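Reviewing the structure listed below.
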Amino acid sequence: MNKKSSLMTKLAGAPYIVWAALFIIVPLCMVAYYAFTDTTGAFTLSNMADIGKYADTFILSIWLGLLATVICLVIAYPLAYIMAGKGPEKQSTMTMLIMLPMWMNFLLRTYSWMTILEDNGLINTLITSLGLEPLQLINTRGAVVLGMVYNFLPYMILPIYTVMLKSDRSLVEAAQDLGGNKLDVFKNVTVPLSVPGIVSGFTMVFVPSVSTFYISQKLGGTGTILIGDIIETQFQTANNFNLGASLSFVLMILIFICLAVMNRFSDDDDGGVII
């Protein structure tokens, strides 16, 4: 019986293994292969040596991605906290409103912000109608961060909300019975319990923010070039697959390091509720 159960478990997991091999492991191996070879297929480290030229771009991408992620966290946490305290019907309505923009194509959502922020867009039209000088909103780093926050905010709200919804309410009641006020309960119970959701949301927002290229192209213009733009150019325009792969490989390593740090942070806080 145990052998049969073990066999069934392996068969059930086989599709996932095949999927992971075809769409995760194989692409990663291809990226690593092109990163350490030249156009003839010979091993070389020249691609890695050229990465130093883009150090500032890496730093800018990480900085803007981190800034957008922190802003998402500041906005998402209180909203998720409010949602978790509402009744089922209101929770469903609020969840639908959060997910509603995601039903629209990513490109259209970004284009909509171009219409709002451009020189003759909605905001500047309103400003000039008041007799004021128009503002430079589009083609700025602020516009890029705004696009990241708008597009990726649901990925921060939903994990935190889900964790809060499933958290053990008896711990909150115990803290209240022990004389804790609302601030003490929030700081010592609610926040520690929601750390897994924060870590998950942080990861889901930071990774696409760092590697994005479409948002920076449409909202940042030529003044805000991120590492995703460089990689996209190497593959689409310059036809330098080896350099593009090497940049992708380094970006992938940096993202893995960030994920490892965040997971370690989550592990350290696991079970850290103080009543």
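Going through the structure tokens in order, the chains are called A, B, and so on, while each chain numbers its residues from 1 and the ligands are numbered from 1 in the order shown.
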Checklist entry - Could you name the residues that touch A:Thr39 at 12 Å or less, counting only C-alpha atoms, but leaving out those on the same chain fewer than 5 positions away, as a list in words? => result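 Listing them by chain and then by number gives Tyr33, Tyr34, Thr44, Ser46, Asn47, Asn239, Asn240, Phe241, Asn242 and Leu243 of chain A.
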Would you write out those residues with C-alpha atoms, as a PDB file, in the first residue's frame?
ATOM      1  CA  TYR A  33      25.429  29.084 -21.578  1.00  0.00           C
ATOM      2  CA  TYR A  34      25.141  32.270 -23.642  1.00  0.00           C
ATOM      3  CA  THR A  44      34.779  33.391 -22.599  1.00  0.00           C
ATOM      4  CA  SER A  46      34.530  38.908 -21.830  1.00  0.00           C
ATOM      5  CA  ASN A  47      30.756  39.227 -21.500  1.00  0.00           C
ATOM      6  CA  ASN A 239      21.473  41.241 -31.572  1.00  0.00           C
ATOM      7  CA  ASN A 240      24.144  40.696 -28.933  1.00  0.00           C
ATOM      8  CA  PHE A 241      22.570  37.683 -27.245  1.00  0.00           C
ATOM      9  CA  ASN A 242      25.709  36.888 -25.271  1.00  0.00           C
ATOM     10  CA  LEU A 243      25.918  40.276 -23.553  1.00  0.00           C
TER      11      LEU A 243
END
Next on the checklist: Can you tell me, as a VMD selection string, which residues in stretch 45-161 of chain A count as alpha helix (DSSP H) by DSSP?
Outcome noted: chain A and resid 46 to 50 55 to 84 88 to 99 106 to 117 122 to 129 141 to 161
Considering only C-alpha atoms, give me a table of residues in stretch 107-159 of chain A that are at most 8 Å from stretch 79-99 of chain A, with the closest atom pair and distance in Å for each, as CSV.
residue,atom,partner,partner_atom,distance
A:Pro154,CA,A:Ile98,CA,6.3
A:Ile157,CA,A:Ala80,CA,5.8
A:Leu158,CA,A:Ala80,CA,7.3
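In terms of minimum interatomic distance to A:Val74, A:Val149 ranks closest within A:Ala55, A:Val172, A:Val149, A:Leu126, counting only C-alpha atoms.
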Item to check | Minimum-distance residue to A:Glu232, chosen among A:Leu135, A:Val144, A:Lys218, A:Thr212 (using only C-alpha atoms) | outcome: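 Ranking A:Leu135, A:Val144, A:Lys218, A:Thr212 by distance to A:Glu232, first place goes to A:Thr212.
Between atom CA of A:Pro27 and atom CA of A:Met8 there is a distance of 28.6 Å.
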Considering only C-alpha atoms, tabulate each residue of stretch 48-159 of chain A that lies at most 12 Å from stretch 192-209 of chain A along with its nearest interatomic pair and the corresponding distance in Å to one decimal; arrange the rows by chain and ascending residue number and present them as a tab-separated table.
residue	atom	partner	partner_atom	distance
A:Leu60	CA	A:Ser209	CA	11.4
A:Ser61	CA	A:Ser209	CA	8.0
A:Ile62	CA	A:Ser209	CA	8.3
A:Trp63	CA	A:Ser209	CA	9.9
A:Leu64	CA	A:Ser209	CA	7.7
A:Gly65	CA	A:Ser209	CA	4.7
A:Leu66	CA	A:Phe206	CA	6.3
A:Leu67	CA	A:Phe206	CA	9.0
A:Ala68	CA	A:Ser209	CA	7.4
A:Thr69	CA	A:Phe206	CA	5.6
A:Val70	CA	A:Phe202	CA	8.0
A:Ile71	CA	A:Val205	CA	10.4
A:Cys72	CA	A:Val205	CA	8.0
A:Leu73	CA	A:Phe202	CA	7.4
A:Val74	CA	A:Ile198	CA	10.7
A:Ala76	CA	A:Gly201	CA	9.3
A:Tyr77	CA	A:Ile198	CA	8.2
A:Pro78	CA	A:Ser194	CA	11.7
A:Ala80	CA	A:Ser194	CA	10.1
A:Tyr81	CA	A:Ser194	CA	9.6
A:Ala84	CA	A:Ser194	CA	11.4
A:Val144	CA	A:Ser209	CA	9.7
A:Val145	CA	A:Ser209	CA	8.7
A:Leu146	CA	A:Ser209	CA	11.0
A:Gly147	CA	A:Ser209	CA	9.6
A:Met148	CA	A:Ser209	CA	6.2
A:Val149	CA	A:Val205	CA	8.5
A:Tyr150	CA	A:Val205	CA	10.7
A:Asn151	CA	A:Val205	CA	9.2
A:Phe152	CA	A:Val205	CA	5.7
A:Leu153	CA	A:Val205	CA	7.3
A:Pro154	CA	A:Gly201	CA	8.8
A:Tyr155	CA	A:Gly201	CA	5.8
A:Met156	CA	A:Gly201	CA	4.1
A:Ile157	CA	A:Gly201	CA	7.1
A:Leu158	CA	A:Gly201	CA	7.7
A:Pro159	CA	A:Gly197	CA	4.8
Item to check | d(atom CA of A:Ile116, atom CA of A:Ile138) in Å | outcome: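 Computing the Euclidean distance for atom CA of A:Ile116 and atom CA of A:Ile138 yields 8.8 Å.
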Next on the checklist: Neighbouring residues of A:Leu226 were defined as those with any atom within 7 Å, considering only C-alpha atoms; residues of the same chain fewer than 2 positions away were excluded. Please report them as a ChimeraX atom specification.
Outcome noted: /A:57,60-61,213,216,224,228-230
Who sits within 10 Å of A:Leu45, only C-alpha atoms, same chain under 6 positions skipped, as a compact mmCIF listing (two decimals) with N, CA, C and O atoms, in the first residue's frame:
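result21.txt was written with the following content:
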# COMPACT_ATOMS: atom_id res chain seq x y z
N ALA A 35 25.78 33.37 -21.57
CA ALA A 35 26.51 34.37 -20.78
C ALA A 35 28.00 34.10 -20.76
O ALA A 35 28.81 35.03 -20.65
N PHE A 36 28.39 32.83 -20.89
CA PHE A 36 29.81 32.48 -20.79
C PHE A 36 30.39 31.97 -22.10
O PHE A 36 31.39 31.26 -22.11
N THR A 37 29.74 32.31 -23.22
CA THR A 37 30.26 31.93 -24.53
C THR A 37 30.22 33.14 -25.46
O THR A 37 29.53 34.12 -25.19
N ASP A 38 30.97 33.05 -26.56
CA ASP A 38 30.92 34.10 -27.57
C ASP A 38 30.05 33.64 -28.73
O ASP A 38 29.36 32.63 -28.64
N SER A 246 24.40 37.64 -20.35
CA SER A 246 25.27 37.87 -19.20
C SER A 246 24.63 38.89 -18.24
O SER A 246 24.68 38.73 -17.02
Checklist entry - Between atom CA of A:Ile231 and atom CA of A:Ala49, what is the distance, to one decimal in Å? => result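 Computing the Euclidean distance for atom CA of A:Ile231 and atom CA of A:Ala49 yields 15.7 Å.
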Next on the checklist: Set the distance at 8 Å and use only C-alpha atoms: which residues neighbour A:Pro134 once local chain neighbours fewer than 6 positions away are removed? I'd like the list as a PyMOL selection string.
Outcome noted: chain A and resi 119+124-125+127-128
With N, CA and C atoms retained, could you export that selection as a short mmCIF file (atom, residue, chain, number, x, y, z; two decimals), in the first residue's frame?
data_model
loop_
_atom_site.label_atom_id
_atom_site.label_comp_id
_atom_site.auth_asym_id
_atom_site.auth_seq_id
_atom_site.Cartn_x
_atom_site.Cartn_y
_atom_site.Cartn_z
N ASP A 119 2.81 66.27 -21.28
CA ASP A 119 2.81 67.74 -21.17
C ASP A 119 1.44 68.34 -21.40
N ASN A 124 -1.60 68.42 -16.38
CA ASN A 124 -1.08 69.71 -16.84
C ASN A 124 -2.17 70.58 -17.46
N THR A 125 -3.17 69.97 -18.06
CA THR A 125 -4.30 70.74 -18.57
C THR A 125 -5.02 71.45 -17.43
N ILE A 127 -3.67 72.20 -14.52
CA ILE A 127 -2.76 73.19 -13.94
C ILE A 127 -2.74 74.47 -14.77
N THR A 128 -2.63 74.32 -16.09
CA THR A 128 -2.59 75.50 -16.96
C THR A 128 -3.92 76.25 -16.97
#
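Between A:Leu247 and the candidates A:Gln217, A:Thr110, A:Ser211, A:Thr9, the tightest atom-to-atom separation, counting only C-alpha atoms, involves A:Ser211.
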